[in-house]
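Participant: Got a structure here, written out as structure tokens. Questions coming.
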Amino acid sequence: MPKGSNQKLKLYYLAKIMLQKTDDEHMLTMPEILKSLKAYDVTADRKSIYDDMEALRVLGIDVIGEKEGRNFYYHVGGKHFEIAELKLLVDAIQSSKFITEKKSNELIKKLTDMASSYEATQLKRQVYVQSRVKTMNESIYYSVDEIHRAIAENRQVSFEYMKWNERKQMVPHRKKPYTVSPWALTWDDENYYLIAFDEEAAKIKHFRVDKMAHISVLDEKRTGKEQFKNFDLAKYAKMSFGMYGGDTVKVKIAFENSLVGVFIDRFGKDITIFPSKKDGWSEINVDVAMSDQFLGWIFALGSKVQILGPDEVIEKYKKELNEMIKNYK
């Protein structure tokens, strides 16, 4: 039998055929496998294919042979990702505001390559998320990579922090670049945030990664180790509404019992809930990073919620309400 021009790639093409054309519901016979190889200009006999199938198993590809009637059928069983897992990943990518439209399509294409051609059709899904606005920053992936590198190498980073102006242009938030010590990355409200120690301000800060530009990993070692020694990232994220920071304040809040789930979702299941003086109401004491976003969240819950203390928070809330009323006079 004359050998094809791609004979050296026989094992590669065999793996490609088995991964793309078979799954638990779609199988190939030996003649069909030989025909598929021939399309890649690879010739083979049955015996060599048996040896190659064993080689694929050694490489971690779960090739299964089953006899049905007079024929023997081959397919790939367990893959790195089940089809249900791939669907979940596709949905997460499509619905994520953090990932640009272009990058979403690229990632989904790579995921479909991990499925058979039959399964790939099931991954052509469209998830609609109300009011979703995809990020426009294509460089965010490289920014995340640079931050991870700085953390791994225990080094500081410098960057420009950008903001939108009235002409819809991204401009630096201040003239001087920021220099901070990166300690963690978190994903909150569909945005990536860098959690870092700002030595100049002597405090922990966070920055939206998609607004960071011209990131440089510096030679200087990180600072802030003591500040992050007992740092609770989950607690920090819960306190910072929409990751807008402010001074930490313990706030006492009363609310109708119908909103218990809202407060558990926001502050976690470990919060202590106790009866209020009002019938059908409860109270909690929680640490929050005081910001306009926190007060806005309280406002959105309407008359079913009441801030009980401290007095300075109540007064700030009243002032904000009065300012809003003035806008409608």
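Numbering starts fresh at 1 for the residues of each chain in the structure tokens, the chains themselves are lettered A, B, ... in the order given, and ligands are numbered from 1 as they appear.
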Identify all residues of stretch 260-297 of chain A in alpha helix (DSSP H) (DSSP on the backbone) and supply them as a ChimeraX atom specification.

Facilitator: /A:260-267,292-297

Participant: Using only C-alpha atoms for the distances, tell me which of A:Ser48, A:Leu88, A:His26, A:Ala55 is nearest to A:Val76.

Facilitator: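 Nearest candidate to A:Val76 out of A:Ser48, A:Leu88, A:His26, A:Ala55: A:His26.
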
Participant: Got a sec: who's within 8 Å of A:Leu34, counting only C-alpha atoms, leaving out chain neighbours fewer than 6 positions off, as a list in words?

Facilitator: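 The filter keeps Thr43, Ala44 and Asp45 of chain A.
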
Participant: Report as JSON, numbers by chain all protein, DNA and RNA residues lying within 12 Å of A:Leu185, evaluated on only C-alpha atoms, omitting residues in the same chain fewer than 3 positions from it.

Facilitator: {"A": [143, 144, 145, 146, 147, 148, 149, 150, 151, 181, 182, 188, 191, 192, 193, 194, 195, 196, 205, 206, 207, 208, 209, 233, 234, 237]}

Participant: I want to know what sits within 10 Å of A:Lys16, based on only C-alpha atoms, with residues of the same chain fewer than 5 positions away left out; could you give that as a list in words?

Facilitator: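 Listed by chain and then number, they are Lys10, Leu11, Lys21, Thr22, Leu37, Asp113 and Ser116 of chain A.
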
Participant: Store the residues picked out above in a file with N, CA and C atoms, as a short mmCIF file (atom, residue, chain, number, x, y, z; two decimals), in the first residue's frame.

Facilitator:
```cif
data_model
loop_
_atom_site.label_atom_id
_atom_site.label_comp_id
_atom_site.auth_asym_id
_atom_site.auth_seq_id
_atom_site.Cartn_x
_atom_site.Cartn_y
_atom_site.Cartn_z
N LYS A 10 -0.04 10.91 11.03
CA LYS A 10 -1.17 9.98 11.13
C LYS A 10 -1.82 10.01 12.52
N LEU A 11 -1.01 9.96 13.57
CA LEU A 11 -1.56 9.92 14.92
C LEU A 11 -2.32 11.23 15.24
N LYS A 21 -15.34 13.96 15.36
CA LYS A 21 -16.43 13.25 14.70
C LYS A 21 -17.13 12.23 15.57
N THR A 22 -16.65 12.06 16.81
CA THR A 22 -17.30 11.07 17.67
C THR A 22 -17.57 11.64 19.05
N LEU A 37 -9.12 9.23 7.31
CA LEU A 37 -7.67 9.44 7.24
C LEU A 37 -7.22 9.69 5.81
N ASP A 113 -13.96 23.93 19.64
CA ASP A 113 -12.94 23.01 19.13
C ASP A 113 -12.69 21.85 20.09
N SER A 116 -17.08 17.62 19.87
CA SER A 116 -17.26 17.01 18.56
C SER A 116 -18.05 17.96 17.68
#
```

Participant: What's around A:Met53 at 9 Å? Count only C-alpha atoms, leave out sequence neighbours fewer than 5 positions away in its own chain, and write the answer as a list in words.

Facilitator: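 Neighbouring residues, sequence-local ones excluded: Leu11, Leu14, Ala15, Ser48, Val58, Ile61, Val63 and Ile64 of chain A.
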
Participant: Generate the output file for the selected residues, N, CA and C atoms, as a PDB file, in the first residue's frame.

Facilitator:
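Saved as part.pdb:
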```pdb
ATOM      1  N   LEU A  11      -1.008   9.955  13.570  1.00  0.00           N
ATOM      2  CA  LEU A  11      -1.565   9.924  14.917  1.00  0.00           C
ATOM      3  C   LEU A  11      -2.317  11.230  15.236  1.00  0.00           C
ATOM      4  N   LEU A  14      -5.611  11.158  13.331  1.00  0.00           N
ATOM      5  CA  LEU A  14      -6.504  10.173  13.936  1.00  0.00           C
ATOM      6  C   LEU A  14      -7.148  10.761  15.193  1.00  0.00           C
ATOM      7  N   ALA A  15      -6.338  11.431  16.013  1.00  0.00           N
ATOM      8  CA  ALA A  15      -6.875  12.068  17.215  1.00  0.00           C
ATOM      9  C   ALA A  15      -7.900  13.131  16.850  1.00  0.00           C
ATOM     10  N   SER A  48      -2.404  -1.236  12.134  1.00  0.00           N
ATOM     11  CA  SER A  48      -1.707  -0.041  12.606  1.00  0.00           C
ATOM     12  C   SER A  48      -2.661   0.890  13.348  1.00  0.00           C
ATOM     13  N   VAL A  58      -3.035   6.061  25.785  1.00  0.00           N
ATOM     14  CA  VAL A  58      -1.881   6.399  26.623  1.00  0.00           C
ATOM     15  C   VAL A  58      -1.747   7.918  26.744  1.00  0.00           C
ATOM     16  N   ILE A  61      -6.602  10.209  25.684  1.00  0.00           N
ATOM     17  CA  ILE A  61      -7.852  10.276  24.919  1.00  0.00           C
ATOM     18  C   ILE A  61      -8.604   8.962  25.119  1.00  0.00           C
ATOM     19  N   VAL A  63     -10.510   6.495  24.033  1.00  0.00           N
ATOM     20  CA  VAL A  63     -11.081   5.834  22.860  1.00  0.00           C
ATOM     21  C   VAL A  63     -11.749   4.531  23.299  1.00  0.00           C
ATOM     22  N   ILE A  64     -13.001   4.387  22.944  1.00  0.00           N
ATOM     23  CA  ILE A  64     -13.789   3.210  23.347  1.00  0.00           C
ATOM     24  C   ILE A  64     -14.218   2.454  22.096  1.00  0.00           C
TER      25      ILE A  64
END
```

Participant: With only C-alpha atoms as the basis for distance, which of A:Gln94, A:Ser36, A:Val286, A:Ile49 is at the shortest distance from A:Ile271?

Facilitator: A:Val286

Participant: With a distance cut-off of 12 Å and only C-alpha atoms, select the neighbouring residues of stretch 261-263 of chain A, excluding the residue or stretch itself and same-chain residues fewer than 6 positions from it, and output the selection as a list of chain:residue names.

Facilitator: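 The residues that qualify are A:Lys238, A:Ile253, A:Ala254, A:Phe255, A:Lys269, A:Asp270, A:Ile271, A:Thr272, A:Ile273, A:Ser282, A:Glu283, A:Ile284, A:Asn285, A:Val286, A:Trp297, A:Ile298, A:Ala300, A:Leu301, A:Lys304, A:Val305.
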
Participant: Would you mind exporting N, CA and C atoms of the selected residues as an mmCIF file, in the first residue's frame?

Facilitator:
```cif
data_model
loop_
_atom_site.group_PDB
_atom_site.id
_atom_site.type_symbol
_atom_site.label_atom_id
_atom_site.label_comp_id
_atom_site.auth_asym_id
_atom_site.auth_seq_id
_atom_site.Cartn_x
_atom_site.Cartn_y
_atom_site.Cartn_z
ATOM 1 N N LYS A 238 -17.945 42.593 50.177
ATOM 2 C CA LYS A 238 -19.310 42.789 50.663
ATOM 3 C C LYS A 238 -19.507 44.197 51.214
ATOM 4 N N ILE A 253 -29.382 48.539 60.704
ATOM 5 C CA ILE A 253 -30.440 48.643 59.701
ATOM 6 C C ILE A 253 -31.639 47.798 60.129
ATOM 7 N N ALA A 254 -32.824 48.370 59.994
ATOM 8 C CA ALA A 254 -34.062 47.623 60.217
ATOM 9 C C ALA A 254 -34.746 47.411 58.872
ATOM 10 N N PHE A 255 -35.432 46.289 58.716
ATOM 11 C CA PHE A 255 -36.087 45.999 57.441
ATOM 12 C C PHE A 255 -37.227 45.022 57.650
ATOM 13 N N LYS A 269 -24.532 34.730 54.766
ATOM 14 C CA LYS A 269 -25.394 33.976 55.673
ATOM 15 C C LYS A 269 -24.974 34.086 57.131
ATOM 16 N N ASP A 270 -23.748 34.557 57.389
ATOM 17 C CA ASP A 270 -23.236 34.607 58.754
ATOM 18 C C ASP A 270 -23.714 35.827 59.539
ATOM 19 N N ILE A 271 -24.451 36.741 58.918
ATOM 20 C CA ILE A 271 -24.921 37.927 59.644
ATOM 21 C C ILE A 271 -25.901 37.517 60.741
ATOM 22 N N THR A 272 -25.890 38.266 61.830
ATOM 23 C CA THR A 272 -26.823 38.013 62.932
ATOM 24 C C THR A 272 -28.072 38.848 62.721
ATOM 25 N N ILE A 273 -29.210 38.185 62.652
ATOM 26 C CA ILE A 273 -30.495 38.861 62.458
ATOM 27 C C ILE A 273 -31.306 38.719 63.746
ATOM 28 N N SER A 282 -37.024 43.041 61.146
ATOM 29 C CA SER A 282 -35.812 42.527 61.777
ATOM 30 C C SER A 282 -34.727 43.592 61.712
ATOM 31 N N GLU A 283 -33.619 43.353 62.435
ATOM 32 C CA GLU A 283 -32.504 44.296 62.455
ATOM 33 C C GLU A 283 -31.178 43.567 62.307
ATOM 34 N N ILE A 284 -30.195 44.269 61.756
ATOM 35 C CA ILE A 284 -28.839 43.744 61.664
ATOM 36 C C ILE A 284 -27.852 44.871 61.931
ATOM 37 N N ASN A 285 -26.638 44.503 62.326
ATOM 38 C CA ASN A 285 -25.511 45.431 62.434
ATOM 39 C C ASN A 285 -24.428 44.929 61.489
ATOM 40 N N VAL A 286 -24.077 45.736 60.499
ATOM 41 C CA VAL A 286 -23.102 45.290 59.493
ATOM 42 C C VAL A 286 -22.068 46.374 59.238
ATOM 43 N N TRP A 297 -28.274 52.100 47.391
ATOM 44 C CA TRP A 297 -28.820 50.741 47.554
ATOM 45 C C TRP A 297 -29.946 50.750 48.581
ATOM 46 N N ILE A 298 -29.745 51.451 49.686
ATOM 47 C CA ILE A 298 -30.780 51.571 50.715
ATOM 48 C C ILE A 298 -32.016 52.262 50.130
ATOM 49 N N ALA A 300 -33.038 52.322 47.092
ATOM 50 C CA ALA A 300 -33.730 51.451 46.138
ATOM 51 C C ALA A 300 -34.662 50.459 46.826
ATOM 52 N N LEU A 301 -34.403 50.162 48.099
ATOM 53 C CA LEU A 301 -35.250 49.217 48.845
ATOM 54 C C LEU A 301 -36.502 49.890 49.393
ATOM 55 N N LYS A 304 -39.398 49.935 53.012
ATOM 56 C CA LYS A 304 -39.296 48.687 53.776
ATOM 57 C C LYS A 304 -37.979 48.587 54.547
ATOM 58 N N VAL A 305 -37.146 49.637 54.440
ATOM 59 C CA VAL A 305 -35.843 49.646 55.103
ATOM 60 C C VAL A 305 -35.664 50.963 55.847
#
```

Participant: Any idea what the distance is between atom CA of A:Ile140 and atom CA of A:Asp210?

Facilitator: 5.5 Å
